[in-house]
Amino acid sequence: MCIAVDPSIGGLLIIGPKGTGKSSIVRAFARLLPEIEVVVGCPFNDDPSKVNELCDRCRNILEKEGRLPVIRTKMKVVELPIGATEDMVLGTINIERTLKEGRVVFEPGILARANRNILYIDEVNLLPDHIVDSILDAAAFGWNVVEREGISLKHPAKFILVGTMNPEEGELRPQLLDRFSISVRINTLRDPELRKEIVKRNLEFERNPEEFCKAWQPQEEEIRESIIRARAMLSDVKVPEHLLDLVVQVCSELEVDGYRPDIVAIKTAKALAALKNRTVVDISDIKFGLSLALAHRTRAGGLKPPPSLSEIEEALFKGKTPAEKVVTEKKERRVDKRSYRLPPFITFFR
C-alpha cells in the first residue's frame, strides 16, 4: 500500500517459503488499486495529462487532432515469465523495417506493458542477473532505453515493481538485493485458528468465486479509497527535523551500506502517515519505514548481515527503557483532527 501511494519508493521484495501466498497477494493487490486514464491504443499506457512523457505515436495524434482519445482502465499485474529473454523484457528495434520505412519501428516488450501498472517477478532469484539489473535500472530511472545498431529509443517505464523469492532456492546477489527499496519476510503461520481461516476462505472462493469477491468488495473499496486519499495528501506530509536526524543516525550506527536506505525509510514513513490520514510523520511511522528499508540491506561493506528488528529498535530508542519507549512514541504522535476510520488491518500499525 505504501508503494501504491508513492511508487517512487521503489521495488518491494517479498521473501518467504513456498505455499505462503506470496503470488496470491500480489495478484490480488491489483484489485485494490484505482483506475488510471490512458491514451486509447497506446502500447505504453501513456498518461494523457503528462504531455512531456508521451510516445511519438501519441504526440503525433495530439499535434494532428489537438486532443487525445482517453479511456479509464484498471491497473494490471504484468507478470515476467522465468524464461524471458532480454528482447522480450526491454523490447527491440526492428532494424529491417526501420530502414525500409524510414522511421524507428519499435516492438514493445514487457516493460512497455508494465508502464503505470504492476510488474511482478516471481522467483526473482532464479532470473539471470543481467535481466534483473536491466529491470531495476528502468525502475530507478523511470525510463526504458533500447539501443541497437546505433539507433536509440526510450519510453516511460514507471511501474510498481514487486518481486517474490523463496530463499531455499537460492539467494539474490547483494548488489541486486540492495536495488529493491523495501522488503518483507513471510513465515508459515503456526496458529491453528489462522490456518483454519485460510482453509475456509480458499474453499469458499473455489466454491463460488463471484460470491466471495462480492462479499469482500466493501472492504476492498475501503482500502482503495484510503490509497486514493493518501495519494492526494502525500505532498502535505511533513517530516520533523529531529526524526530525519534520527533516521540517518540509526542507519549510520547500524553501518548500513549506501544512502538509499535513509531516503527509502523516510519516503515509506511519509506514505504510511498519509495512509493513517496524518500530515506529520511520527516515531511509529519511522520505525515501520526503517524496518522495511533495512530488513535486507548489507552492512559494513557486506561483512555484516541485515539488521534484525530488535537491532533497529535498539538503535532507534538507544538508552531508553521499555516504559520510556512507550512515552516517546506517545509524545511523537501527531494525529490530525480530521476523522477517518482506517481499514481494519491497518490498525495494527498503531
# chains A, B, ... in the order shown; residues from 1 in each chain; ligands from 1
>>> select_by_dssp(residues="range 154-321 of chain A", states="helix (DSSP H, G or I)", output="PyMOL selection string")
chain A and resi 167-169+174-177+192-207+209-236+241-253+260-275+283-294+300-302+309-316
>>> select_by_dssp(residues="range 45-233 of chain A", states="strand (DSSP E or B)", output="number ranges by chain")
A: 70-73, 77-79, 92-93, 106-107, 118-121, 143-148, 151-156, 160-165, 182-185
>>> residues_around(residues="Leu290 in chain A", least_positions_apart="3", cutoff="9 Å", atoms="only C-alpha atoms", output="ChimeraX atom specification")
/A:247,250-251,261-262,264-266,268-269,285-287,293-295,312
>>> write_last_selection(atoms="N, CA and C atoms", output="PDB file, in the first residue's frame")
ATOM      1  N   VAL A 247      16.679   9.061  11.757  1.00  0.00           N
ATOM      2  CA  VAL A 247      16.812   8.049  10.707  1.00  0.00           C
ATOM      3  C   VAL A 247      18.264   7.917  10.251  1.00  0.00           C
ATOM      4  N   VAL A 250      20.398   6.270  12.960  1.00  0.00           N
ATOM      5  CA  VAL A 250      20.195   4.816  13.059  1.00  0.00           C
ATOM      6  C   VAL A 250      20.928   4.099  11.928  1.00  0.00           C
ATOM      7  N   CYS A 251      20.763   4.600  10.691  1.00  0.00           N
ATOM      8  CA  CYS A 251      21.421   3.965   9.543  1.00  0.00           C
ATOM      9  C   CYS A 251      22.943   4.014   9.677  1.00  0.00           C
ATOM     10  N   PRO A 261      18.902   3.526   1.729  1.00  0.00           N
ATOM     11  CA  PRO A 261      18.011   3.126   2.831  1.00  0.00           C
ATOM     12  C   PRO A 261      17.454   4.300   3.623  1.00  0.00           C
ATOM     13  N   ASP A 262      18.277   5.329   3.844  1.00  0.00           N
ATOM     14  CA  ASP A 262      17.804   6.510   4.588  1.00  0.00           C
ATOM     15  C   ASP A 262      16.638   7.171   3.855  1.00  0.00           C
ATOM     16  N   VAL A 264      14.679   5.875   1.477  1.00  0.00           N
ATOM     17  CA  VAL A 264      13.522   4.977   1.376  1.00  0.00           C
ATOM     18  C   VAL A 264      12.749   4.934   2.697  1.00  0.00           C
ATOM     19  N   ALA A 265      13.464   4.891   3.820  1.00  0.00           N
ATOM     20  CA  ALA A 265      12.805   4.845   5.129  1.00  0.00           C
ATOM     21  C   ALA A 265      11.923   6.069   5.342  1.00  0.00           C
ATOM     22  N   ILE A 266      12.424   7.245   4.942  1.00  0.00           N
ATOM     23  CA  ILE A 266      11.650   8.479   5.086  1.00  0.00           C
ATOM     24  C   ILE A 266      10.429   8.464   4.161  1.00  0.00           C
ATOM     25  N   THR A 268       8.838   5.898   2.939  1.00  0.00           N
ATOM     26  CA  THR A 268       7.871   4.904   3.412  1.00  0.00           C
ATOM     27  C   THR A 268       7.120   5.423   4.629  1.00  0.00           C
ATOM     28  N   ALA A 269       7.826   6.097   5.528  1.00  0.00           N
ATOM     29  CA  ALA A 269       7.192   6.669   6.717  1.00  0.00           C
ATOM     30  C   ALA A 269       6.152   7.719   6.318  1.00  0.00           C
ATOM     31  N   ASP A 285       5.802   5.713  12.526  1.00  0.00           N
ATOM     32  CA  ASP A 285       5.994   5.660  11.073  1.00  0.00           C
ATOM     33  C   ASP A 285       7.470   5.434  10.739  1.00  0.00           C
ATOM     34  N   ILE A 286       8.340   6.119  11.483  1.00  0.00           N
ATOM     35  CA  ILE A 286       9.783   5.979  11.260  1.00  0.00           C
ATOM     36  C   ILE A 286      10.233   4.549  11.542  1.00  0.00           C
ATOM     37  N   LYS A 287       9.743   3.966  12.634  1.00  0.00           N
ATOM     38  CA  LYS A 287      10.106   2.590  12.979  1.00  0.00           C
ATOM     39  C   LYS A 287       9.670   1.628  11.873  1.00  0.00           C
ATOM     40  N   ALA A 293      12.909  -0.807   5.124  1.00  0.00           N
ATOM     41  CA  ALA A 293      14.045  -0.372   4.303  1.00  0.00           C
ATOM     42  C   ALA A 293      15.347  -1.091   4.647  1.00  0.00           C
ATOM     43  N   LEU A 294      15.474  -1.591   5.884  1.00  0.00           N
ATOM     44  CA  LEU A 294      16.753  -2.159   6.329  1.00  0.00           C
ATOM     45  C   LEU A 294      16.759  -3.679   6.419  1.00  0.00           C
ATOM     46  N   ALA A 295      15.600  -4.309   6.282  1.00  0.00           N
ATOM     47  CA  ALA A 295      15.499  -5.753   6.548  1.00  0.00           C
ATOM     48  C   ALA A 295      16.347  -6.615   5.626  1.00  0.00           C
ATOM     49  N   ILE A 312      17.240  -2.777  15.096  1.00  0.00           N
ATOM     50  CA  ILE A 312      16.717  -1.483  14.632  1.00  0.00           C
ATOM     51  C   ILE A 312      16.071  -0.730  15.783  1.00  0.00           C
TER      52      ILE A 312
END
>>> closest_residue(among="A:Leu246, A:Leu189, A:Val26, A:Ala315", to="Leu161 in chain A", atoms="only C-alpha atoms")
A:Val26
>>> atom_distance(atom1="CA of Tyr120 in chain A", atom2="CA of Glu79 in chain A")
4.8 Å
>>> closest_atom_pairs(of="range 63-120 of chain A", to="range 126-135 of chain A", cutoff="10 Å", atoms="only C-alpha atoms", output="tab-separated table")
residue	atom	partner	partner_atom	distance
A:Leu80	CA	A:Leu127	CA	9.7
A:Pro81	CA	A:Leu127	CA	9.2
A:Ile82	CA	A:Leu127	CA	6.2
A:Gly83	CA	A:Leu127	CA	7.8
A:Ala84	CA	A:Leu127	CA	8.5
A:Thr85	CA	A:Ile131	CA	7.7
A:Glu86	CA	A:Ile131	CA	6.1
A:Asp87	CA	A:Ile131	CA	9.8
A:Val89	CA	A:Ile131	CA	7.8
A:Leu90	CA	A:Ser134	CA	8.0
A:Ile110	CA	A:Ile135	CA	10.0
A:Leu111	CA	A:Ile135	CA	7.8
A:Leu119	CA	A:Ile135	CA	9.5
>>> closest_residue(among="A:Ile61, A:Val51, A:Val5, A:Ile95", to="Pro34 in chain A", atoms="only C-alpha atoms")
A:Val5
>>> closest_residue(among="A:Leu33, A:Leu243, A:Leu303, A:Ala139", to="Gly289 in chain A", atoms="only C-alpha atoms")
A:Leu243
>>> residues_around(residues="Thr298 in chain A", least_positions_apart="5", cutoff="6 Å", atoms="only C-alpha atoms", output="list in words")
Asp257, Pro305 and Pro306 of chain A
>>> closest_residue(among="A:Glu220, A:Lys200, A:Pro7, A:Ile15", to="Glu168 in chain A", atoms="only C-alpha atoms")
A:Ile15
>>> residues_around(residues="Ser49 in chain A", least_positions_apart="6", cutoff="10 Å", atoms="only C-alpha atoms", output="list in words")
Glu37, Val38, Val39 and Leu68 of chain A
>>> residues_around(residues="Lys74 in chain A", least_positions_apart="2", cutoff="12 Å", atoms="only C-alpha atoms", output="list of chain:residue names")
A:Phe29, A:Ala30, A:Arg31, A:Leu32, A:Leu33, A:Pro34, A:Glu35, A:Ile36, A:Glu37, A:Val38, A:Asn45, A:Ile71, A:Arg72, A:Lys76, A:Val77, A:Arg116, A:Asn117, A:Ile118
>>> residues_around(residues="Val146 in chain A", least_positions_apart="3", cutoff="7 Å", atoms="only C-alpha atoms", output="list in words")
Leu90, Thr92, Ser152, Leu153 and Lys154 of chain A
>>> closest_residue(among="A:Val281, A:Ile160, A:Leu136, A:Leu99", to="Val78 in chain A", atoms="only C-alpha atoms")
A:Ile160
>>> closest_residue(among="A:Lys196, A:Arg207, A:Lys214, A:Arg179", to="Leu13 in chain A", atoms="only C-alpha atoms")
A:Arg179
